[in-house]
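Structure file my_file_11.txt (compact mmCIF, C-alpha atoms) is printed below.
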```
# COMPACT_ATOMS: atom_id res chain seq x y z
CA MET A 1 108.38 4.08 -96.57
CA ALA A 2 108.47 3.06 -92.92
CA TYR A 3 110.66 0.21 -91.76
CA ASN A 4 108.59 -2.81 -90.73
CA HIS A 5 110.62 -4.93 -88.31
CA ARG A 6 108.35 -7.98 -88.35
CA LYS A 7 108.28 -8.11 -92.14
CA ALA A 8 112.07 -7.77 -92.30
CA GLU A 9 112.49 -10.51 -89.70
CA ILE A 10 110.23 -12.92 -91.60
CA GLU A 11 112.10 -12.21 -94.83
CA TRP A 12 115.41 -12.79 -93.06
CA LEU A 13 114.23 -16.08 -91.54
CA ASN A 14 113.00 -17.32 -94.92
CA TRP A 15 116.27 -16.36 -96.59
CA LYS A 16 118.31 -17.98 -93.82
CA GLU A 17 116.30 -21.20 -93.94
CA LYS A 18 116.95 -21.54 -97.68
CA GLU A 19 120.63 -20.74 -97.25
CA GLU A 20 121.07 -23.27 -94.44
CA LYS A 21 119.31 -25.96 -96.47
CA GLN A 22 121.72 -25.34 -99.33
CA MET A 23 124.73 -25.44 -96.99
CA ARG A 24 123.59 -28.81 -95.59
CA GLU A 25 123.13 -30.18 -99.12
CA LEU A 26 126.70 -29.13 -99.89
CA GLY A 27 127.97 -31.00 -96.82
CA MET A 28 128.83 -28.12 -94.49
CA ASP A 29 129.06 -29.14 -90.83
CA GLU A 30 126.36 -28.03 -88.37
CA ASP A 31 128.76 -26.11 -86.14
CA THR A 32 129.78 -23.83 -89.01
CA ILE A 33 126.16 -23.37 -90.07
CA GLN A 34 125.23 -22.38 -86.51
CA ARG A 35 128.12 -19.93 -86.24
CA LEU A 36 127.08 -18.32 -89.54
CA HIS A 37 123.47 -18.15 -88.32
CA THR A 38 124.56 -16.38 -85.14
CA TYR A 39 126.75 -13.94 -87.06
CA ASP A 40 124.01 -13.17 -89.61
CA TRP A 41 121.47 -12.65 -86.80
CA GLN A 42 123.80 -10.12 -85.16
CA GLN A 43 124.12 -8.33 -88.49
CA PHE A 44 120.35 -8.30 -88.91
CA LYS A 45 119.91 -6.76 -85.47
CA ALA A 46 122.52 -4.09 -86.24
CA GLU A 47 120.73 -3.25 -89.48
CA ARG A 48 117.40 -3.14 -87.64
CA ASN A 49 118.88 -0.72 -85.14
CA PHE A 50 120.09 1.52 -87.96
CA TYR A 51 116.65 1.63 -89.60
CA GLU A 52 114.94 2.26 -86.26
CA TRP A 53 117.19 5.28 -85.72
CA LEU A 54 116.59 6.39 -89.30
CA CYS A 55 112.83 6.52 -88.64
CA PRO A 56 112.63 7.42 -84.92
CA SER A 57 109.00 8.58 -84.92
CA ARG A 58 107.87 5.17 -86.14
CA PHE A 59 109.56 3.32 -83.26
CA ARG A 60 109.75 5.73 -80.36
CA GLY A 61 106.17 6.97 -80.23
CA GLN A 62 107.04 10.52 -81.22
```

Spell out the structure here as C-alpha cells.
Amino acid sequence: MAYNHRKAEIEWLNWKEKEEKQMRELGMDEDTIQRLHTYDWQQFKAERNFYEWLCPSRFRGQ
C-alpha cells in the first residue's frame, strides 16, 4: 500500500492533541510539552522521509 503523507499527518496531529491534553491534565508544564511536540514532529518528518524513499515512484513522479 502506498504511503499517504496527508493521512499520516492528520493521524499524527490527532494523536499529539490527545497526548498533550493528557499531559496538561497531569500538570506538565507548557515548555516541556512544547519541547516534546517539537521532538515528535522531527521524528514524524524523519519517518515520512523514510517512507517516501521506500516508495519513490509515488512521490517523485517516476

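Interatomic distance, CA of Asp29 in chain A against CA of Arg6 in chain A: 29.7 Å.
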
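The protein and nucleic acid residues lying at most 12 Å from range 15-27 of chain A are Ala8, Glu9, Ile10, Thr32, Ile33, Gln34, Arg35, Leu36, His37, Thr38, Tyr39, Asp40, Trp41 and Phe44 of chain A, with all atoms listed in the file considered and sequence neighbours fewer than 5 positions away removed.
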
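Between CA of Glu30 in chain A and CA of Glu11 in chain A the separation is 22.3 Å.
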
Could you tell me how far CA of Met28 in chain A sits from CA of Arg48 in chain A, in Å to one decimal place? 28.3 Å
